[in-house]
>>> print(open('final14.txt').read())   # compact mmCIF, C-alpha atoms (C1' of nucleotides)
# COMPACT_ATOMS: atom_id res chain seq x y z
CA MET H 1 83.94 80.47 79.03
CA GLN H 2 84.67 81.72 75.55
CA VAL H 3 85.86 79.12 73.11
CA THR H 4 85.26 81.29 70.08
CA GLY H 5 87.89 81.23 67.37
CA THR H 6 89.91 84.31 66.58
CA ALA H 7 88.25 84.88 63.21
CA THR H 8 84.84 84.84 64.88
CA GLN H 9 86.01 87.25 67.58
CA ILE H 10 87.26 89.61 64.90
CA LEU H 11 83.95 89.36 63.09
CA ASP H 12 82.03 90.06 66.30
CA VAL H 13 84.01 93.17 67.11
CA ALA H 14 84.12 94.44 63.55
CA GLN H 15 80.41 93.89 63.10
CA GLU H 16 79.67 95.92 66.19
CA LEU H 17 81.76 98.76 64.80
CA VAL H 18 80.02 98.54 61.43
CA GLN H 19 76.67 98.73 63.19
CA THR H 20 77.56 101.68 65.37
CA ARG H 21 80.00 103.67 63.23
CA GLY H 22 79.66 102.42 59.67
CA TYR H 23 82.05 100.78 57.24
CA ASN H 24 84.21 103.84 56.63
CA ALA H 25 84.47 104.88 60.25
CA PHE H 26 86.38 101.95 61.70
CA SER H 27 89.87 100.65 61.04
CA TYR H 28 91.98 97.60 61.74
CA LYS H 29 93.62 99.69 64.46
CA ASP H 30 90.24 99.93 66.21
CA LEU H 31 90.02 96.16 66.28
CA GLU H 32 93.52 95.70 67.72
CA ALA H 33 92.84 96.55 71.36
CA ARG H 34 89.39 94.99 71.45
CA VAL H 35 90.37 91.67 69.93
CA GLY H 36 93.75 91.63 71.64
CA ILE H 37 95.96 91.01 68.62
CA ARG H 38 97.90 93.33 66.28
CA THR H 39 96.56 94.62 63.01
CA ALA H 40 99.03 92.45 61.10
CA SER H 41 97.49 89.39 62.73
CA ILE H 42 94.01 90.53 61.76
CA HIS H 43 95.21 90.78 58.17
CA TYR H 44 96.19 87.11 58.45
CA HIS H 45 92.52 86.22 59.00
CA PHE H 46 91.05 88.86 56.70
CA PRO H 47 93.71 89.95 54.17
CA THR H 48 91.81 93.06 53.09
CA LYS H 49 89.08 95.18 54.57
CA ALA H 50 86.90 94.10 51.67
CA ASP H 51 87.30 90.49 52.82
CA LEU H 52 86.32 91.47 56.34
CA GLY H 53 83.34 93.49 55.18
CA THR H 54 82.14 90.68 52.95
CA ALA H 55 82.41 88.16 55.77
CA ILE H 56 80.44 90.39 58.13
CA ALA H 57 77.71 90.94 55.56
CA LYS H 58 77.46 87.26 54.60
CA ARG H 59 77.33 86.08 58.20
CA TYR H 60 74.68 88.63 59.11
CA ARG H 61 72.56 87.71 56.11
CA ASP H 62 72.76 84.04 57.08
CA PHE H 63 71.79 84.96 60.63
CA VAL H 64 68.71 86.89 59.56
CA ASN H 65 67.69 84.19 57.10
CA SER H 66 67.86 81.67 59.92
CA LYS H 67 65.53 83.91 61.91
CA PHE H 68 63.04 83.82 59.06
CA ALA H 69 62.97 80.05 59.29
CA GLU H 70 62.63 80.23 63.05
CA TYR H 71 59.68 82.63 62.92
CA GLU H 72 57.88 80.53 60.38
CA ALA H 73 58.37 77.47 62.54
CA LYS H 74 57.38 79.08 65.83
CA GLU H 75 54.62 81.44 64.75
CA VAL H 76 51.56 80.42 62.79
CA THR H 77 49.99 83.78 61.91
CA ALA H 78 51.32 86.58 59.72
CA PRO H 79 50.87 89.34 62.32
CA LYS H 80 52.91 87.36 64.83
CA ARG H 81 55.64 86.73 62.30
CA LEU H 82 55.80 90.41 61.44
CA GLN H 83 55.95 91.30 65.11
CA ARG H 84 58.86 88.90 65.56
CA TYR H 85 60.65 90.49 62.63
CA ALA H 86 60.13 94.00 63.99
CA GLY H 87 61.23 92.74 67.39
CA LEU H 88 64.45 91.37 65.96
CA LEU H 89 65.45 94.79 64.64
CA GLU H 90 64.33 96.40 67.87
CA SER H 91 66.64 94.14 69.85
CA VAL H 92 69.50 95.18 67.57
CA LEU H 93 68.72 98.81 68.29
CA THR H 94 68.33 98.27 72.00
CA LYS H 95 71.52 96.26 72.30
CA GLY H 96 74.09 99.03 72.20
CA ASN H 97 72.35 101.49 69.94
CA ARG H 98 73.22 99.37 66.94
CA ILE H 99 71.83 99.65 63.45
CA CYS H 100 70.98 96.64 61.28
CA VAL H 101 74.10 95.65 59.34
CA GLY H 102 72.12 95.71 56.11
CA GLY H 103 70.75 99.17 56.73
CA MET H 104 74.09 100.62 57.79
CA LEU H 105 75.93 99.15 54.83
CA ALA H 106 73.16 100.42 52.56
CA SER H 107 74.01 103.91 53.81
CA ASP H 108 77.67 103.27 52.92
CA TYR H 109 76.73 101.63 49.64
CA ALA H 110 78.47 104.00 47.20
CA THR H 111 81.83 103.53 48.91
CA LEU H 112 81.71 99.77 49.45
CA PRO H 113 83.86 97.18 47.68
CA LEU H 114 81.88 95.47 44.93
CA GLU H 115 81.60 92.19 46.81
CA VAL H 116 80.07 93.91 49.83
CA GLN H 117 77.67 95.86 47.64
CA THR H 118 76.45 92.58 46.19
CA GLU H 119 75.83 91.20 49.68
CA VAL H 120 73.89 94.30 50.68
CA SER H 121 71.64 94.04 47.65
CA ALA H 122 71.10 90.36 48.38
CA PHE H 123 70.27 91.10 52.01
CA ILE H 124 67.60 93.58 51.02
CA HIS H 125 66.24 91.12 48.49
CA ASP H 126 66.05 88.32 51.06
CA ASN H 127 64.24 90.50 53.55
CA GLU H 128 61.74 91.86 51.06
CA ARG H 129 61.09 88.42 49.60
CA TRP H 130 60.35 86.92 53.00
CA LEU H 131 58.17 89.84 54.04
CA ALA H 132 56.25 89.68 50.77
CA ARG H 133 55.57 86.00 51.30
CA VAL H 134 54.36 86.53 54.87
CA LEU H 135 52.14 89.38 53.73
CA LYS H 136 50.68 87.42 50.84
CA GLU H 137 49.88 84.41 52.99
CA GLY H 138 48.51 86.64 55.75
CA ARG H 139 46.12 88.35 53.39
CA ALA H 140 45.03 85.06 51.88
CA ALA H 141 44.32 83.78 55.40
CA GLY H 142 42.33 86.89 56.27
CA GLU H 143 44.77 87.87 59.01
CA LEU H 144 45.91 90.99 57.20
CA ALA H 145 44.23 93.55 55.01
CA PHE H 146 46.06 95.96 52.74
CA ASP H 147 45.89 97.60 49.37
CA GLY H 148 48.44 97.00 46.66
CA THR H 149 50.82 94.14 46.10
CA PRO H 150 52.65 92.25 48.84
CA GLU H 151 55.91 93.21 47.12
CA VAL H 152 55.32 96.95 47.40
CA LEU H 153 54.23 96.66 50.99
CA ALA H 154 57.25 94.49 51.76
CA THR H 155 59.70 97.12 50.53
CA THR H 156 57.72 99.78 52.39
CA LEU H 157 57.85 97.83 55.63
CA PHE H 158 61.55 97.13 55.28
CA SER H 159 62.34 100.75 54.42
CA ALA H 160 60.28 102.05 57.31
CA LEU H 161 61.82 99.78 59.93
CA GLU H 162 65.38 100.39 58.75
CA GLY H 163 64.77 104.12 58.55
CA ALA H 164 63.19 104.10 61.99
CA MET H 165 66.39 102.68 63.45
CA PHE H 166 68.35 105.69 62.19
CA VAL H 167 65.69 108.09 63.40
CA ALA H 168 65.50 106.46 66.82
CA ARG H 169 69.26 106.62 67.26
CA SER H 170 69.56 110.24 66.10
CA THR H 171 66.80 111.41 68.42
CA GLY H 172 67.88 109.31 71.38
CA ASP H 173 64.37 107.86 71.44
CA HIS H 174 64.11 104.14 70.87
CA GLY H 175 60.38 104.46 71.43
CA ARG H 176 60.17 106.04 68.00
CA TYR H 177 61.18 102.72 66.48
CA ARG H 178 58.66 100.76 68.53
CA ARG H 179 55.79 103.10 67.78
CA THR H 180 56.59 103.02 64.07
CA ALA H 181 56.63 99.23 64.06
CA GLU H 182 53.38 99.07 66.01
CA TRP H 183 51.65 101.56 63.74
CA LEU H 184 52.67 99.68 60.62
CA ILE H 185 51.62 96.26 61.81
CA GLY H 186 48.54 97.66 63.52
CA THR H 187 47.41 99.32 60.31
CA LEU H 188 47.70 96.05 58.42
CA MET H 189 45.44 94.36 60.94
CA SER H 190 42.99 97.24 61.17
CA PRO H 191 39.28 96.49 60.57
CA ARG H 192 39.01 99.90 58.93
CA VAL H 193 41.42 98.86 56.24
CA ALA H 194 39.72 95.51 55.97
CA ALA H 195 36.39 97.27 55.53
CA ARG H 196 37.80 99.53 52.84
CA ARG H 197 38.74 96.56 50.75
CA ARG H 198 35.22 95.23 50.55
CA MET S 1 78.25 135.42 35.23
CA GLN S 2 80.32 134.20 38.18
CA VAL S 3 77.99 135.12 41.01
CA THR S 4 78.46 132.18 43.36
CA GLY S 5 80.89 132.83 46.20
CA THR S 6 83.66 130.42 47.00
CA ALA S 7 82.14 129.36 50.31
CA THR S 8 78.90 128.49 48.55
CA GLN S 9 80.74 126.51 45.88
CA ILE S 10 82.54 124.57 48.60
CA LEU S 11 79.24 123.87 50.32
CA ASP S 12 77.66 122.72 47.07
CA VAL S 13 80.43 120.26 46.31
CA ALA S 14 80.81 119.05 49.89
CA GLN S 15 77.07 118.55 50.22
CA GLU S 16 77.00 116.42 47.12
CA LEU S 17 79.77 114.25 48.57
CA VAL S 18 77.96 113.96 51.89
CA GLN S 19 74.83 112.86 50.07
CA THR S 20 76.54 110.28 47.91
CA ARG S 21 79.41 109.04 50.09
CA GLY S 22 78.64 110.15 53.65
CA TYR S 23 80.43 112.35 56.16
CA ASN S 24 83.35 110.00 56.82
CA ALA S 25 83.96 109.09 53.20
CA PHE S 26 85.00 112.45 51.79
CA SER S 27 87.98 114.66 52.52
CA TYR S 28 89.19 118.18 51.87
CA LYS S 29 91.38 116.62 49.20
CA ASP S 30 88.26 115.46 47.38
CA LEU S 31 87.00 119.03 47.29
CA GLU S 32 90.27 120.43 45.93
CA ALA S 33 89.94 119.43 42.30
CA ARG S 34 86.20 120.00 42.10
CA VAL S 35 86.19 123.46 43.65
CA GLY S 36 89.45 124.44 42.00
CA ILE S 37 91.35 125.64 45.08
CA ARG S 38 93.78 123.95 47.45
CA THR S 39 92.80 122.31 50.70
CA ALA S 40 94.55 125.06 52.69
CA SER S 41 92.25 127.58 51.03
CA ILE S 42 89.21 125.52 51.91
CA HIS S 43 90.37 125.58 55.53
CA TYR S 44 90.29 129.39 55.27
CA HIS S 45 86.53 129.24 54.63
CA PHE S 46 85.79 126.29 56.89
CA PRO S 47 88.58 125.96 59.49
CA THR S 48 87.59 122.45 60.54
CA LYS S 49 85.58 119.66 58.99
CA ALA S 50 83.12 120.09 61.84
CA ASP S 51 82.55 123.68 60.67
CA LEU S 52 81.96 122.47 57.13
CA GLY S 53 79.63 119.71 58.23
CA THR S 54 77.65 122.06 60.42
CA ALA S 55 77.28 124.58 57.60
CA ILE S 56 76.04 121.89 55.21
CA ALA S 57 73.52 120.60 57.72
CA LYS S 58 72.25 124.06 58.66
CA ARG S 59 71.85 125.18 55.05
CA TYR S 60 70.04 121.99 54.09
CA ARG S 61 67.69 122.27 57.02
CA ASP S 62 66.88 125.85 56.04
CA PHE S 63 66.28 124.73 52.48
CA VAL S 64 63.84 122.02 53.48
CA ASN S 65 62.04 124.31 55.91
CA SER S 66 61.58 126.80 53.07
CA LYS S 67 60.01 124.00 51.05
CA PHE S 68 57.52 123.40 53.83
CA ALA S 69 56.41 127.01 53.58
CA GLU S 70 56.23 126.74 49.82
CA TYR S 71 54.07 123.61 49.88
CA GLU S 72 51.69 125.14 52.36
CA ALA S 73 51.35 128.21 50.19
CA LYS S 74 50.93 126.39 46.89
CA GLU S 75 48.91 123.37 47.93
CA VAL S 76 45.64 123.49 49.80
CA THR S 77 45.06 119.82 50.64
CA ALA S 78 47.05 117.52 52.88
CA PRO S 79 47.45 114.74 50.28
CA LYS S 80 48.92 117.22 47.81
CA ARG S 81 51.29 118.57 50.42
CA LEU S 82 52.45 115.08 51.29
CA GLN S 83 52.92 114.28 47.63
CA ARG S 84 55.07 117.38 47.25
CA TYR S 85 57.15 116.33 50.24
CA ALA S 86 57.65 112.84 48.87
CA GLY S 87 58.44 114.35 45.48
CA LEU S 88 61.13 116.55 46.99
CA LEU S 89 63.00 113.55 48.35
CA GLU S 90 62.42 111.70 45.10
CA SER S 91 64.08 114.51 43.16
CA VAL S 92 67.06 114.29 45.52
CA LEU S 93 67.33 110.59 44.80
CA THR S 94 66.91 111.00 41.07
CA LYS S 95 69.41 113.83 40.85
CA GLY S 96 72.66 111.88 41.00
CA ASN S 97 71.59 109.02 43.24
CA ARG S 98 71.77 111.28 46.24
CA ILE S 99 70.45 110.63 49.72
CA CYS S 100 68.75 113.28 51.83
CA VAL S 101 71.43 115.10 53.85
CA GLY S 102 69.47 114.48 57.04
CA GLY S 103 69.12 110.78 56.39
CA MET S 104 72.75 110.31 55.41
CA LEU S 105 74.04 112.21 58.42
CA ALA S 106 71.68 110.22 60.62
CA SER S 107 73.48 107.11 59.40
CA ASP S 108 76.81 108.73 60.38
CA TYR S 109 75.38 110.03 63.64
CA ALA S 110 77.65 108.23 66.12
CA THR S 111 80.80 109.62 64.48
CA LEU S 112 79.64 113.19 63.94
CA PRO S 113 80.96 116.27 65.76
CA LEU S 114 78.51 117.34 68.45
CA GLU S 115 77.39 120.43 66.56
CA VAL S 116 76.47 118.37 63.51
CA GLN S 117 74.65 115.82 65.64
CA THR S 118 72.53 118.63 67.05
CA GLU S 119 71.64 119.80 63.55
CA VAL S 120 70.65 116.29 62.49
CA SER S 121 68.35 115.90 65.48
CA ALA S 122 66.82 119.30 64.73
CA PHE S 123 66.32 118.39 61.07
CA ILE S 124 64.41 115.25 62.02
CA HIS S 125 62.38 117.22 64.51
CA ASP S 126 61.48 119.88 61.93
CA ASN S 127 60.40 117.29 59.39
CA GLU S 128 58.32 115.30 61.84
CA ARG S 129 56.70 118.40 63.26
CA TRP S 130 55.65 119.65 59.82
CA LEU S 131 54.40 116.25 58.75
CA ALA S 132 52.43 115.87 61.98
CA ARG S 133 50.77 119.22 61.39
CA VAL S 134 49.84 118.39 57.81
CA LEU S 135 48.48 115.02 58.90
CA LYS S 136 46.48 116.50 61.73
CA GLU S 137 44.91 119.18 59.55
CA GLY S 138 44.30 116.67 56.77
CA ARG S 139 42.41 114.36 59.07
CA ALA S 140 40.38 117.22 60.51
CA ALA S 141 39.45 118.26 56.98
CA GLY S 142 38.40 114.74 56.07
CA GLU S 143 41.12 114.48 53.43
CA LEU S 144 43.04 111.81 55.27
CA ALA S 145 42.05 108.85 57.38
CA PHE S 146 44.43 107.03 59.72
CA ASP S 147 44.62 105.42 63.10
CA GLY S 148 46.83 106.66 65.91
CA THR S 149 48.34 110.07 66.51
CA PRO S 150 49.66 112.42 63.82
CA GLU S 151 53.01 112.37 65.63
CA VAL S 152 53.48 108.62 65.36
CA LEU S 153 52.42 108.61 61.74
CA ALA S 154 54.75 111.54 61.03
CA THR S 155 57.80 109.68 62.31
CA THR S 156 56.67 106.58 60.43
CA LEU S 157 56.33 108.50 57.18
CA PHE S 158 59.69 110.19 57.62
CA SER S 159 61.43 106.93 58.51
CA ALA S 160 59.87 105.12 55.58
CA LEU S 161 60.78 107.74 52.98
CA GLU S 162 64.35 108.13 54.26
CA GLY S 163 64.77 104.38 54.44
CA ALA S 164 63.33 103.98 50.98
CA MET S 165 66.06 106.22 49.58
CA PHE S 166 68.74 103.86 50.90
CA VAL S 167 66.87 100.82 49.65
CA ALA S 168 66.32 102.34 46.22
CA ARG S 169 69.99 103.22 45.86
CA SER S 170 71.24 99.83 47.04
CA THR S 171 68.98 97.95 44.67
CA GLY S 172 69.50 100.27 41.73
CA ASP S 173 65.73 100.69 41.57
CA HIS S 174 64.44 104.21 42.11
CA GLY S 175 60.95 102.86 41.48
CA ARG S 176 61.11 101.27 44.91
CA TYR S 177 61.12 104.74 46.45
CA ARG S 178 58.20 105.92 44.34
CA ARG S 179 56.07 102.87 45.02
CA THR S 180 56.74 103.17 48.74
CA ALA S 181 55.72 106.83 48.73
CA GLU S 182 52.59 106.11 46.72
CA TRP S 183 51.56 103.23 48.94
CA LEU S 184 51.98 105.31 52.09
CA ILE S 185 50.06 108.33 50.87
CA GLY S 186 47.47 106.20 49.12
CA THR S 187 46.77 104.32 52.31
CA LEU S 188 46.20 107.54 54.23
CA MET S 189 43.65 108.89 51.85
CA SER S 190 40.12 108.30 52.97
CA PRO S 191 37.83 106.13 50.79
CA ARG S 192 35.75 109.21 50.02
CA VAL S 193 38.65 111.23 48.68
CA ALA S 194 40.22 108.23 47.02
CA ALA S 195 37.01 107.55 45.15
CA ARG S 196 36.78 111.15 44.02
CA ARG S 197 40.23 110.93 42.42
CA ARG S 198 39.20 108.26 39.93
C1' DG R 1 99.07 82.56 64.18
C1' DT R 2 101.07 86.29 66.05
C1' DC R 3 104.64 89.41 66.32
C1' DT R 4 107.78 93.75 65.03
C1' DA R 5 108.97 96.69 61.56
C1' DT R 6 107.99 99.20 57.78
C1' DA R 7 105.85 101.36 53.83
C1' DA R 8 103.08 104.48 50.76
C1' DG R 9 99.44 107.19 50.76
C1' DA R 10 95.51 109.69 52.89
C1' DT R 11 93.81 112.95 56.27
C1' DG R 12 92.89 117.12 58.96
C1' DA R 13 95.13 120.95 59.92
C1' DT R 14 98.72 125.00 60.48
C1' DA R 15 102.48 128.55 59.18
C1' DG R 16 103.87 131.93 56.50
C1' DA R 17 104.63 133.99 51.72
C1' DC R 18 102.17 136.51 48.09
C1' DG U 1 91.96 134.57 49.63
C1' DT U 2 94.94 131.53 47.81
C1' DC U 3 99.18 129.49 47.61
C1' DT U 4 103.35 126.19 48.93
C1' DA U 5 105.28 123.67 52.38
C1' DT U 6 104.97 121.00 56.21
C1' DC U 7 103.08 118.44 60.18
C1' DA U 8 101.54 114.45 63.04
C1' DT U 9 98.62 110.98 62.75
C1' DC U 10 95.86 107.42 60.73
C1' DT U 11 95.03 103.77 57.34
C1' DT U 12 95.64 99.70 54.78
C1' DA U 13 98.40 96.86 54.01
C1' DT U 14 103.24 93.70 53.33
C1' DA U 15 107.72 91.29 54.78
C1' DG U 16 109.92 88.41 57.52
C1' DA U 17 111.15 86.63 62.31
C1' DC U 18 109.39 83.51 65.96
>>> encode(input="final14.txt", output="structure tokens")
Amino acid sequence: MQVTGTATQILDVAQELVQTRGYNAFSYKDLEARVGIRTASIHYHFPTKADLGTAIAKRYRDFVNSKFAEYEAKEVTAPKRLQRYAGLLESVLTKGNRICVGGMLASDYATLPLEVQTEVSAFIHDNERWLARVLKEGRAAGELAFDGTPEVLATTLFSALEGAMFVARSTGDHGRYRRTAEWLIGTLMSPRVAARRR
Amino acid sequence: MQVTGTATQILDVAQELVQTRGYNAFSYKDLEARVGIRTASIHYHFPTKADLGTAIAKRYRDFVNSKFAEYEAKEVTAPKRLQRYAGLLESVLTKGNRICVGGMLASDYATLPLEVQTEVSAFIHDNERWLARVLKEGRAAGELAFDGTPEVLATTLFSALEGAMFVARSTGDHGRYRRTAEWLIGTLMSPRVAARRR
DNA sequence: GTCTATAAGATGATAGAC
DNA sequence: GTCTATCATCTTATAGAC
């Protein structure tokens, strides 16, 4: 049985609409039927759309950050941690053709309220920072081999996976996401690349 | 001195708004002041927003396809052709913080009129097909070295560059795009060719 | 907390005059 | 081709009753 509070229900529904349609393509009216209360009542919980957008972005960032902690606790090697990360985004894509909240809001960036923009920038920063750390440790441990700095590769990985979600959705081919993720991680583990570095 | 027709002017302004704000975040009203005619007049040229969106997408796809031909004519090696391609998107980003029309519309995909969706899918297909061909020929010529199929790497490259545009814009750091592009192309270049470049 | 009622403005589009 | 006028609807709220 669902014991979820109204505010959480609103966030759940609104987040799904952000992920499928984008920030500018959903309205309080869209939430009405799905949540089961009137738009005026939704405004009670989230006075403005900026408040709602900020809450969605903050909650999602917290969620992903908690996944980082989980992957570090459960997986010992860098390749496994990267696979978990790629798998997280893949599950988002698979579950209702959704896009990562961070990636979708990044596409809406120019039109977002300032507070939401700040959250989006922070989300990207969190992701890239974690990826860079995993990459750095993985290279130090000899589990990964790559040229350049962990930071550059981190932003490349993040960009590629987020972009792949859009591409997969627009081509109706989720396999495109999976193959992109596998190529990226596979290349980082490749002996050929390892050999090149010596 | 005039030269540019009204329809073209409308397309120019509307395209810029698509690239900066997205399909759902601009209106005929936004075009009014910038084009210098009333919304009713814009409806004369493009009866519905779907017509306008389709025209923007088609024209942009033609433009990019013409660039493919140009790069093949002007550049002989695969790395150079890829650098030109990455440079094209970089110029889009640098010129007014714009996003590639294809990438931005891919982010709006679920809310697009069917005709525009079809154009977006075709745009992605065109880009991936050209990239796959360049990659395949480059590997055959010994200019590039990579694991996996040209097709998988093509979709990875496209996803990464499109994603990097969003990331660059949301972080206010265009350098992120450039470094991503350089890492990707640099990684593909064989040790032999890479050594020759120094 | 949720409702009805209402508001001001935006939006996509059409009719008909010039 | 461009205009004014008008439209039905949507959007983001706010006020006040229950």
>>> residues_around(input="final14.txt", residues="U:DA5", least_positions_apart="5", cutoff="12 Å", atoms="only C-alpha atoms (C1' of nucleotides)", output="ChimeraX atom specification")
/S:40 /R:14-17
>>> write_last_selection(input="final14.txt", atoms="C-alpha atoms (C1' of nucleotides)", output="PDB file, keeping the file's coordinate frame")
ATOM      1  CA  ALA S  40      94.550 125.060  52.690  1.00  0.00           C
TER       2      ALA S  40
ATOM      3  C1'  DT R  14      98.720 125.000  60.480  1.00  0.00           C
ATOM      4  C1'  DA R  15     102.480 128.550  59.180  1.00  0.00           C
ATOM      5  C1'  DG R  16     103.870 131.930  56.500  1.00  0.00           C
ATOM      6  C1'  DA R  17     104.630 133.990  51.720  1.00  0.00           C
TER       7       DA R  17
END
>>> interface_residues(input="final14.txt", of="chain U", to="chain S", cutoff="12 Å", atoms="all atoms listed in the file", output="PDB file with C-alpha atoms (C1' of nucleotides), in the frame of the given file")
ATOM      1  C1'  DG U   1      91.960 134.570  49.630  1.00  0.00           C
ATOM      2  C1'  DT U   2      94.940 131.530  47.810  1.00  0.00           C
ATOM      3  C1'  DC U   3      99.180 129.490  47.610  1.00  0.00           C
ATOM      4  C1'  DT U   4     103.350 126.190  48.930  1.00  0.00           C
ATOM      5  C1'  DA U   5     105.280 123.670  52.380  1.00  0.00           C
ATOM      6  C1'  DT U   6     104.970 121.000  56.210  1.00  0.00           C
TER       7       DT U   6
END
>>> interface_residues(input="final14.txt", of="chain R", to="chain H", cutoff="8 Å", atoms="all atoms listed in the file", output="list in words")
DG1, DT2 and DC3 of chain R
>>> closest_atom_pairs(input="final14.txt", of="chain S", to="chain H", cutoff="9 Å", atoms="all atoms listed in the file", output="tab-separated table")
residue	atom	partner	partner_atom	distance
S:Thr20	CA	H:Ala110	CA	6.6
S:Arg21	CA	H:Ala110	CA	5.9
S:Gly22	CA	H:Asp108	CA	7.0
S:Asn24	CA	H:Asn24	CA	6.2
S:Ala25	CA	H:Asn24	CA	6.3
S:Ile99	CA	H:Ser107	CA	8.6
S:Gly103	CA	H:Phe166	CA	7.8
S:Met104	CA	H:Ser107	CA	6.7
S:Ala106	CA	H:Phe166	CA	5.8
S:Ser107	CA	H:Phe166	CA	6.0
S:Asp108	CA	H:Arg21	CA	6.6
S:Tyr109	CA	H:Ser170	CA	6.3
S:Ala110	CA	H:Arg21	CA	5.9
S:Thr111	CA	H:Arg21	CA	6.1
S:Gln117	CA	H:Ser170	CA	7.6
S:Thr118	CA	H:Ser170	CA	9.0
S:Val120	CA	H:Ser170	CA	7.1
S:Ser121	CA	H:Thr171	CA	5.6
S:Ala122	CA	H:Thr171	CA	8.7
S:Ile124	CA	H:Val167	CA	7.4
S:His125	CA	H:Thr171	CA	8.3
S:Phe146	CA	H:Thr187	CA	8.3
S:Asp147	CA	H:Thr187	CA	7.3
S:Gly148	CA	H:Trp183	CA	7.3
S:Val152	CA	H:Arg179	CA	6.5
S:Leu153	CA	H:Thr180	CA	7.4
S:Thr155	CA	H:Thr180	CA	7.0
S:Thr156	CA	H:Thr180	CA	5.1
S:Leu157	CA	H:Ala160	CA	7.6
S:Phe158	CA	H:Gly163	CA	8.0
S:Ser159	CA	H:Gly163	CA	4.4
S:Ala160	CA	H:Ala160	CA	3.5
S:Leu161	CA	H:Ala160	CA	7.2
S:Glu162	CA	H:Gly163	CA	5.9
S:Gly163	CA	H:Gly163	CA	4.1
S:Ala164	CA	H:Ser159	CA	4.8
S:Met165	CA	H:Ser159	CA	8.2
S:Phe166	CA	H:Ala106	CA	5.8
S:Val167	CA	H:Ser159	CA	6.6
S:Arg169	CA	H:Tyr109	CA	7.9
S:Ser170	CA	H:Ser121	CA	5.8
S:Thr171	CA	H:Ser121	CA	5.6
S:Gly172	CA	H:Ser121	CA	8.9
S:Arg176	CA	H:Thr155	CA	7.1
S:Tyr177	CA	H:Thr156	CA	8.5
S:Arg179	CA	H:Val152	CA	6.4
S:Thr180	CA	H:Thr156	CA	5.1
S:Ala181	CA	H:Thr156	CA	8.2
S:Trp183	CA	H:Gly148	CA	7.3
S:Leu184	CA	H:Thr156	CA	8.0
S:Gly186	CA	H:Asp147	CA	8.7
S:Thr187	CA	H:Asp147	CA	7.4
S:Pro191	CA	H:Arg196	CA	6.9
>>> atom_distance(input="final14.txt", atom1="atom CA of S:Tyr85", atom2="atom CA of S:Asp12")
21.7 Å
>>> residues_around(input="final14.txt", residues="S:Ala50", least_positions_apart="3", cutoff="7 Å", atoms="only C-alpha atoms (C1' of nucleotides)", output="PDB file with C-alpha atoms, keeping the file's coordinate frame")
ATOM      1  CA  GLY S  53      79.630 119.710  58.230  1.00  0.00           C
ATOM      2  CA  THR S  54      77.650 122.060  60.420  1.00  0.00           C
ATOM      3  CA  PRO S 113      80.960 116.270  65.760  1.00  0.00           C
TER       4      PRO S 113
END
>>> calpha_fit_rmsd(input="final14.txt", fixed="chain S", moving="chain H")
2.8 Å
>>> atom_distance(input="final14.txt", atom1="atom CA of S:Val35", atom2="atom CA of S:Asp51")
17.4 Å
>>> axis_aligned_box(input="final14.txt", around="stretch 181-185 of chain H", padding_each_side="5 Å", output="JSON")
{"center_x": 54.1, "center_y": 98.9, "center_z": 63.3, "size_x": 15.0, "size_y": 15.3, "size_z": 15.4}
>>> atom_distance(input="final14.txt", atom1="atom CA of H:Gly175", atom2="atom CA of H:Leu82")
17.8 Å
>>> residues_around(input="final14.txt", residues="R:DT6", least_positions_apart="6", cutoff="12 Å", atoms="all atoms listed in the file", output="list in words")
Ala40 of chain H; DA13, DT14, DA15 and DG16 of chain U
